[in-house]
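Quick look at data08.cif (mmCIF, C-alpha atoms):
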```cif
data_upload
#
loop_
_atom_site.label_atom_id
_atom_site.label_comp_id
_atom_site.auth_asym_id
_atom_site.auth_seq_id
_atom_site.Cartn_x
_atom_site.Cartn_y
_atom_site.Cartn_z
CA MET A 1 -54.07 40.69 -59.81
CA TYR A 2 -51.00 40.51 -62.05
CA ASP A 3 -48.08 41.38 -59.76
CA LYS A 4 -46.28 43.45 -62.43
CA ILE A 5 -49.24 45.64 -63.34
CA LEU A 6 -47.65 48.76 -61.81
CA THR A 7 -44.72 48.49 -64.23
CA SER A 8 -47.10 50.01 -66.80
CA LEU A 9 -46.55 53.35 -65.04
CA SER A 10 -43.80 55.60 -66.36
CA TYR A 11 -40.74 56.25 -64.16
CA GLY A 12 -37.62 58.40 -64.41
CA MET A 13 -34.24 57.48 -62.92
CA CYS A 14 -32.72 60.00 -60.50
CA ALA A 15 -29.98 60.24 -57.90
CA ILE A 16 -31.12 61.83 -54.64
CA GLY A 17 -28.30 63.72 -52.92
CA SER A 18 -28.34 64.34 -49.17
CA LYS A 19 -26.08 65.45 -46.33
CA GLY A 20 -24.78 62.54 -44.25
CA LEU A 21 -23.30 62.63 -40.79
CA THR A 22 -19.69 62.97 -41.97
CA ALA A 23 -19.93 63.23 -45.77
CA ALA A 24 -22.34 63.83 -48.61
CA ASN A 25 -24.56 60.91 -49.59
CA ALA A 26 -26.64 59.84 -52.59
CA CYS A 27 -28.98 57.05 -53.66
CA ILE A 28 -30.81 56.00 -56.82
CA VAL A 29 -34.60 56.31 -57.02
CA ASN A 30 -37.31 56.13 -59.67
CA THR A 31 -40.02 57.80 -57.59
CA VAL A 32 -39.65 61.55 -58.15
CA ILE A 33 -42.86 63.17 -59.40
CA GLN A 34 -44.01 66.73 -60.05
CA ILE A 35 -46.99 67.71 -57.93
CA SER A 36 -47.57 71.24 -59.22
CA SER A 37 -45.98 74.10 -61.17
CA TYR A 38 -47.34 76.98 -59.10
CA PRO A 39 -45.92 76.72 -56.56
CA MET A 40 -43.27 74.42 -58.02
CA THR A 41 -43.55 71.24 -55.90
CA VAL A 42 -42.19 67.70 -56.19
CA ALA A 43 -42.40 64.51 -54.16
CA VAL A 44 -40.03 61.58 -53.68
CA SER A 45 -40.60 58.24 -51.94
CA ILE A 46 -37.73 56.85 -49.83
CA ASN A 47 -37.78 53.55 -47.92
CA HIS A 48 -37.57 53.79 -44.12
CA SER A 49 -34.50 51.53 -44.14
CA ASN A 50 -32.50 53.75 -46.51
CA PHE A 51 -29.79 56.00 -45.03
CA THR A 52 -31.03 58.76 -47.36
CA ASN A 53 -34.38 58.75 -45.53
CA GLU A 54 -32.54 59.43 -42.25
CA CYS A 55 -30.45 62.19 -43.84
CA ILE A 56 -33.43 64.03 -45.36
CA ARG A 57 -35.38 63.80 -42.10
CA ARG A 58 -32.47 65.41 -40.25
CA THR A 59 -31.71 68.27 -42.67
CA GLY A 60 -34.91 68.80 -44.65
CA LEU A 61 -32.84 69.18 -47.83
CA PHE A 62 -31.98 67.04 -50.86
CA THR A 63 -30.96 67.35 -54.49
CA VAL A 64 -32.63 65.64 -57.42
CA ASN A 65 -30.12 64.68 -60.11
CA VAL A 66 -31.93 63.53 -63.25
CA LEU A 67 -29.92 60.75 -64.90
CA SER A 68 -29.48 60.65 -68.66
CA GLU A 69 -29.24 57.63 -70.94
CA ASN A 70 -25.48 58.32 -71.00
CA THR A 71 -25.08 58.02 -67.24
CA SER A 72 -22.73 55.13 -66.55
CA GLY A 73 -24.12 51.90 -65.11
CA ALA A 74 -21.15 52.00 -62.74
CA VAL A 75 -22.57 55.19 -61.19
CA ILE A 76 -25.97 53.54 -60.71
CA GLY A 77 -24.28 50.52 -59.16
CA ALA A 78 -22.21 52.64 -56.77
CA LEU A 79 -25.13 54.77 -55.60
CA GLY A 80 -27.94 52.23 -55.82
CA PHE A 81 -26.59 48.97 -54.41
CA THR A 82 -24.58 50.06 -51.37
CA SER A 83 -25.45 51.98 -48.19
CA GLY A 84 -24.09 55.33 -47.08
CA ARG A 85 -23.88 53.87 -43.59
CA ASP A 86 -21.04 51.64 -44.78
CA GLY A 87 -18.84 54.31 -46.36
CA ASN A 88 -18.69 57.26 -48.75
CA LYS A 89 -20.67 56.21 -51.82
CA LEU A 90 -19.42 59.24 -53.75
CA ASP A 91 -15.71 58.40 -53.49
CA ASN A 92 -15.54 57.31 -57.14
CA VAL A 93 -18.37 59.47 -58.51
CA ARG A 94 -17.70 62.98 -59.87
CA HIS A 95 -19.72 65.53 -57.91
CA LYS A 96 -19.69 68.94 -56.29
CA ILE A 97 -20.96 69.97 -52.87
CA LEU A 98 -23.38 72.88 -52.56
CA GLN A 99 -23.02 75.32 -49.65
CA GLU A 100 -25.96 73.52 -48.03
CA GLY A 101 -23.77 70.40 -47.79
CA VAL A 102 -25.71 68.30 -50.34
CA PRO A 103 -24.11 66.91 -53.52
CA VAL A 104 -24.75 67.50 -57.20
CA ILE A 105 -23.75 64.54 -59.37
CA GLN A 106 -21.60 65.39 -62.40
CA GLU A 107 -21.74 62.13 -64.35
CA ASP A 108 -23.66 62.85 -67.58
CA ILE A 109 -26.84 63.94 -65.81
CA CYS A 110 -29.60 65.90 -67.58
CA CYS A 111 -30.11 68.47 -64.84
CA TRP A 112 -30.34 68.91 -61.07
CA PHE A 113 -32.33 70.92 -58.53
CA LEU A 114 -32.04 71.58 -54.79
CA CYS A 115 -35.19 70.93 -52.75
CA LYS A 116 -36.46 71.97 -49.32
CA VAL A 117 -38.93 69.63 -47.61
CA VAL A 118 -42.24 71.32 -46.76
CA HIS A 119 -44.24 68.26 -45.73
CA SER A 120 -43.90 64.48 -45.39
CA VAL A 121 -46.30 61.55 -45.36
CA GLU A 122 -45.58 58.18 -43.74
CA THR A 123 -46.64 54.88 -45.29
CA VAL A 124 -46.01 51.39 -43.96
CA THR A 125 -42.65 51.10 -45.74
CA HIS A 126 -41.77 54.53 -47.15
CA THR A 127 -41.71 58.23 -46.38
CA ILE A 128 -43.05 60.54 -49.09
CA PHE A 129 -41.12 63.81 -48.89
CA ILE A 130 -42.95 66.76 -50.47
CA ALA A 131 -40.59 69.59 -51.32
CA GLU A 132 -40.14 72.88 -53.14
CA PRO A 133 -37.18 73.34 -55.53
CA MET A 134 -34.98 76.26 -54.44
CA ALA A 135 -32.31 76.32 -57.16
CA GLY A 136 -31.06 74.21 -60.02
CA SER A 137 -29.63 73.86 -63.52
CA GLU A 138 -30.03 76.55 -66.14
CA SER A 139 -30.65 73.99 -68.88
CA ILE A 140 -31.45 70.34 -69.62
CA LYS A 141 -28.84 68.23 -71.41
CA GLY A 142 -29.32 64.83 -73.01
CA LYS A 143 -32.26 62.42 -72.82
CA PRO A 144 -33.57 61.49 -69.36
CA MET A 145 -33.18 57.83 -68.43
CA THR A 146 -36.46 56.00 -67.87
CA TYR A 147 -36.90 52.95 -65.71
CA GLU A 148 -37.81 51.01 -68.85
CA PHE A 149 -34.46 51.99 -70.42
CA TYR A 150 -32.68 50.94 -67.22
CA THR A 151 -34.32 47.51 -67.11
CA LYS A 152 -34.53 46.66 -70.81
CA VAL A 153 -31.46 48.35 -72.32
CA ILE A 154 -29.00 48.39 -69.42
CA LYS A 155 -30.75 45.30 -67.98
CA GLY A 156 -30.62 46.68 -64.45
CA LYS A 157 -32.65 45.45 -61.50
CA SER A 158 -34.26 47.02 -58.44
CA PRO A 159 -32.59 46.88 -55.01
CA LYS A 160 -34.58 45.14 -52.28
CA PHE A 161 -35.91 48.37 -50.74
CA ALA A 162 -36.91 50.05 -54.01
CA PRO A 163 -40.67 50.65 -54.50
CA THR A 164 -40.51 48.70 -57.77
CA TYR A 165 -38.77 45.67 -56.24
CA LEU A 166 -40.46 42.31 -56.75
CA PRO A 167 -39.24 38.97 -55.35
CA GLU A 168 -37.26 36.88 -57.80
CA GLU A 169 -39.27 34.53 -59.95
CA GLU A 170 -38.20 30.92 -60.35
CA GLU A 171 -35.39 30.95 -62.89
CA ILE A 172 -35.37 28.45 -65.74
CA LEU A 173 -32.44 29.89 -67.67
CA GLU A 174 -28.84 29.69 -66.50
CA LYS A 175 -27.95 32.66 -64.30
CA HIS A 176 -24.60 34.27 -63.52
CA THR A 177 -24.55 36.88 -60.75
CA CYS A 178 -22.16 39.77 -60.19
CA THR A 179 -20.61 39.39 -56.73
CA ILE A 180 -20.24 43.18 -56.48
CA CYS A 181 -23.70 44.61 -57.26
CA LYS A 182 -25.75 41.37 -57.57
CA PHE A 183 -26.75 42.01 -61.20
CA ASP A 184 -28.00 38.76 -62.80
CA TYR A 185 -26.90 37.95 -66.36
CA ILE A 186 -29.62 35.86 -68.00
CA ASP A 187 -29.73 35.73 -71.80
CA PRO A 188 -31.30 32.91 -73.82
CA LEU A 189 -29.40 33.99 -76.95
CA ILE A 190 -25.85 34.59 -75.69
CA PRO A 191 -24.59 32.18 -72.99
CA PHE A 192 -22.37 33.77 -70.36
CA GLU A 193 -19.40 31.64 -71.40
CA GLU A 194 -19.56 33.10 -74.92
CA LEU A 195 -19.18 36.70 -73.73
CA PRO A 196 -15.73 38.17 -74.47
CA ASP A 197 -13.25 38.45 -71.60
CA SER A 198 -13.43 42.23 -72.00
CA TRP A 199 -17.16 42.22 -71.14
CA ILE A 200 -18.04 44.14 -67.95
CA CYS A 201 -21.06 44.30 -65.67
CA PRO A 202 -23.53 46.84 -67.14
CA ILE A 203 -24.42 48.09 -63.66
CA CYS A 204 -21.19 48.45 -61.67
CA GLY A 205 -18.54 47.97 -64.36
CA ALA A 206 -16.94 44.95 -62.67
CA PRO A 207 -15.06 42.48 -64.92
CA LYS A 208 -16.55 39.21 -66.14
CA SER A 209 -14.29 37.29 -63.75
CA VAL A 210 -16.25 38.39 -60.65
CA PHE A 211 -19.46 36.71 -61.85
CA ARG A 212 -20.51 33.41 -60.32
CA LYS A 213 -22.85 30.82 -61.74
CA MET A 214 -25.95 30.41 -59.58
CA GLU A 215 -27.59 27.03 -59.13
#
```
Re-express the file's structure as structure tokens.
Amino acid sequence: MYDKILTSLSYGMCAIGSKGLTAANACIVNTVIQISSYPMTVAVSINHSNFTNECIRRTGLFTVNVLSENTSGAVIGALGFTSGRDGNKLDNVRHKILQEGVPVIQEDICCWFLCKVVHSVETVTHTIFIAEPMAGSESIKGKPMTYEFYTKVIKGKSPKFAPTYLPEEEEILEKHTCTICKFDYIDPLIPFEELPDSWICPICGAPKSVFRKME
């Protein structure tokens, strides 16, 4: 079977907020789905290795922050390519903390809602948390970011533990990799050397100078 067949499914990009041991935490996912409207129920899939999985298991609470097409790639890089076990991922991301101790991202998101876990299902690699929204935004602003927009317009990639992650294919084109977030610049039309010095990484916002050519 074609290994990319599941990319035909539609995904939305979200930041899942949770309460860490000493600070609020957040991660990027593309696996939030609506299960029903009455009662209002959603589900999210989180890898067993992710710190967010541990946080949600402990508290039974999380926020869903729906990213918009205007959400900065730097925000996605900060929340999606580092671990909350290694430090406060929200240090450079605008947010507020709800009284429940979970964060709401304030970086050009479409909307947010607070969820309480009512059930969970274990798979070999992921936990599926089924939850009921308890509170949230009064409106929706902007256009939600899809996974297709993230990969084709922003040219983002999936972290190793993301459900949509696939092992790297053999590269034929020259590749330059960001040493901060590991984004690979590969473009058959515009060689890396021809990019202006002001060019920055579309994911984490790092300057061109931090990229390294990969053999």
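Residues in contact with A:Lys19 at 8 Å, where all atoms listed in the file are counted and same-chain residues fewer than 6 positions away are skipped, are listed as Asn25, Cys55, Ile56, Thr59, Leu61, Phe62, Gly101, Val102 and Pro103 of chain A.
Note that the spacing between atom CA of A:Asn50 and atom CA of A:Leu67 amounts to 19.8 Å.
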* Asked: Which residues, written as a VMD selection string, have at least one atom at most 9 Å from A:Tyr11, with only C-alpha atoms counted and residues fewer than 2 positions away on the same chain left out?
  -> chain A and resid 7 9 13 30 to 33 145 to 148
* Target residues per the PyMOL selection byres ((chain A and resi 141) around 10), formatted as an NGL selection string -> :A and (66-68 or 108-111 or 137-140 or 142-144)
* Between A:Gly12, A:Ser83, A:Pro39, A:Cys27, single out the one closest to A:Ile105, counting all atoms listed in the file. =>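 So, comparing all the options, the nearest one is A:Cys27.
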* Give me the residues within 10 Å of stretch 197-209 of chain A as number ranges by chain, counting all atoms listed in the file and dropping any in the same chain fewer than 6 places off. => A: 72-81, 150, 153-157, 176-185
* To do: Starting from the displayed file, determine the output of the PyMOL selection byres ((chain A and resi 118) around 6) and express the residue list as an MDAnalysis selection string.
  => chainID A and resid 117 119 130:131
* Name all residues at most 8 Å from A:Ser120 (count all atoms listed in the file; drop same-chain ones fewer than 5 positions away) and give them as number ranges by chain. => A: 127-130
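Taking atom CA of A:Tyr38 and atom CA of A:Phe113 as the two end points, the separation is 16.2 Å.
Our summary of the geometry notes that atom CA of A:Phe51 is positioned 9.4 Å from atom CA of A:Ser18.
The nearest approach to A:Thr71 among the residues A:Ile190, A:Leu6, A:Ala24, A:Ala15, with only C-alpha atoms taken into account, belongs to A:Ala15.
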Taking all atoms of stretch 140-152 of chain A that the file lists, what box with edges along x, y and z, padded by 4 Å per side, do you get, with centre and edge lengths in Å to one decimal, as lines of an AutoDock Vina configuration file?
```
center_x = -33.3
center_y = 58.5
center_z = -69.4
size_x = 17.0
size_y = 31.7
size_z = 15.3
```
* Structure fact -> In terms of only C-alpha atoms, the residue from A:Gln106, A:Ser10, A:Pro133, A:Val93 at minimal distance from A:Ser36 is A:Pro133
* Closest of A:Asp187, A:Glu193, A:Glu100, A:Glu54 to A:Ala135 - atom-to-atom distances counting only C-alpha atoms -> A:Glu100
With C-alpha atoms as the atom set, please write stretch 36-145 of chain A from the structure just given, as a short mmCIF file (atom, residue, chain, number, x, y, z; two decimals), in the first residue's frame.
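Wrote out-v3.cif, looks like this:
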```
data_model
loop_
_atom_site.label_atom_id
_atom_site.label_comp_id
_atom_site.auth_asym_id
_atom_site.auth_seq_id
_atom_site.Cartn_x
_atom_site.Cartn_y
_atom_site.Cartn_z
CA SER A 36 -20.58 14.44 18.55
CA SER A 37 -22.54 17.66 19.07
CA TYR A 38 -24.98 16.38 21.69
CA PRO A 39 -23.29 15.97 24.04
CA MET A 40 -20.44 18.07 22.65
CA THR A 41 -17.48 15.65 22.56
CA VAL A 42 -14.02 15.72 20.98
CA ALA A 43 -11.02 13.40 20.84
CA VAL A 44 -7.28 14.01 20.54
CA SER A 45 -4.45 11.53 19.97
CA ILE A 46 -1.21 12.10 21.91
CA ASN A 47 1.93 9.93 21.67
CA HIS A 48 2.91 8.04 24.84
CA SER A 49 6.35 9.68 24.73
CA ASN A 50 5.01 13.24 24.75
CA PHE A 51 5.10 15.21 28.01
CA THR A 52 1.58 16.45 27.19
CA ASN A 53 0.30 12.86 27.43
CA GLU A 54 1.68 12.65 30.99
CA CYS A 55 0.17 16.03 31.91
CA ILE A 56 -3.32 15.18 30.63
CA ARG A 57 -3.28 11.80 32.36
CA ARG A 58 -2.47 13.50 35.66
CA THR A 59 -5.01 16.35 35.52
CA GLY A 60 -7.72 15.18 33.12
CA LEU A 61 -7.79 18.67 31.57
CA PHE A 62 -6.49 20.33 28.41
CA THR A 63 -7.20 23.24 26.10
CA VAL A 64 -7.57 23.05 22.34
CA ASN A 65 -6.22 26.18 20.63
CA VAL A 66 -7.17 26.17 16.95
CA LEU A 67 -4.34 27.74 14.94
CA SER A 68 -5.08 30.15 12.10
CA GLU A 69 -3.20 30.64 8.85
CA ASN A 70 -1.74 33.77 10.49
CA THR A 71 -0.22 31.88 13.42
CA SER A 72 3.53 32.36 13.29
CA GLY A 73 5.75 29.46 12.25
CA ALA A 74 7.94 30.44 15.20
CA VAL A 75 5.08 29.50 17.55
CA ILE A 76 4.69 26.11 15.87
CA GLY A 77 8.44 25.56 16.12
CA ALA A 78 8.55 26.50 19.80
CA LEU A 79 5.61 24.29 20.78
CA GLY A 80 6.05 21.45 18.31
CA PHE A 81 9.76 20.65 18.20
CA THR A 82 10.84 20.84 21.85
CA SER A 83 9.74 19.01 25.00
CA GLY A 84 8.13 20.50 28.09
CA ARG A 85 10.38 18.24 30.13
CA ASP A 86 13.35 20.37 29.05
CA GLY A 87 11.97 23.78 29.97
CA ASN A 88 9.04 26.18 29.69
CA LYS A 89 7.93 26.05 26.06
CA LEU A 90 5.66 29.06 26.56
CA ASP A 91 8.40 31.48 27.64
CA ASN A 92 8.32 33.29 24.29
CA VAL A 93 4.70 32.59 23.34
CA ARG A 94 1.89 34.99 24.33
CA HIS A 95 -0.67 33.17 26.46
CA LYS A 96 -2.90 33.37 29.50
CA ILE A 97 -3.44 30.82 32.25
CA LEU A 98 -6.97 29.73 33.15
CA GLN A 99 -7.89 29.16 36.80
CA GLU A 100 -7.59 25.43 36.09
CA GLY A 101 -3.86 25.97 35.43
CA VAL A 102 -3.96 25.24 31.68
CA PRO A 103 -2.88 27.80 29.05
CA VAL A 104 -4.75 29.56 26.26
CA ILE A 105 -2.46 30.59 23.39
CA GLN A 106 -2.84 34.19 22.22
CA GLU A 107 -0.87 34.14 18.97
CA ASP A 108 -3.39 34.71 16.15
CA ILE A 109 -5.47 31.63 16.96
CA CYS A 110 -9.01 31.14 15.62
CA CYS A 111 -10.55 30.04 18.91
CA TRP A 112 -9.96 27.90 22.00
CA PHE A 113 -11.91 25.60 24.31
CA LEU A 114 -11.23 23.94 27.67
CA CYS A 115 -11.83 20.18 27.81
CA LYS A 116 -12.38 17.63 30.57
CA VAL A 117 -11.37 14.03 29.83
CA VAL A 118 -14.26 11.57 30.19
CA HIS A 119 -12.61 8.48 28.70
CA SER A 120 -9.34 7.34 27.14
CA VAL A 121 -8.30 4.55 24.79
CA GLU A 122 -4.78 3.11 24.57
CA THR A 123 -3.17 2.12 21.28
CA VAL A 124 0.32 0.73 20.73
CA THR A 125 1.86 4.21 20.38
CA HIS A 126 -0.79 6.77 21.37
CA THR A 127 -3.48 7.57 23.90
CA ILE A 128 -6.79 8.79 22.51
CA PHE A 129 -8.29 11.21 25.04
CA ILE A 130 -12.06 11.64 24.69
CA ALA A 131 -13.28 14.83 26.32
CA GLU A 132 -16.16 17.25 26.76
CA PRO A 133 -15.61 20.99 26.19
CA MET A 134 -16.44 23.00 29.32
CA ALA A 135 -15.80 26.58 28.18
CA GLY A 136 -14.26 28.46 25.30
CA SER A 137 -14.20 31.40 22.89
CA GLU A 138 -17.29 33.42 22.11
CA SER A 139 -16.36 33.65 18.42
CA ILE A 140 -14.11 32.29 15.68
CA LYS A 141 -11.53 34.61 14.11
CA GLY A 142 -9.55 34.05 10.93
CA LYS A 143 -9.16 30.92 8.80
CA PRO A 144 -8.15 27.68 10.55
CA MET A 145 -4.77 26.29 9.52
#
```
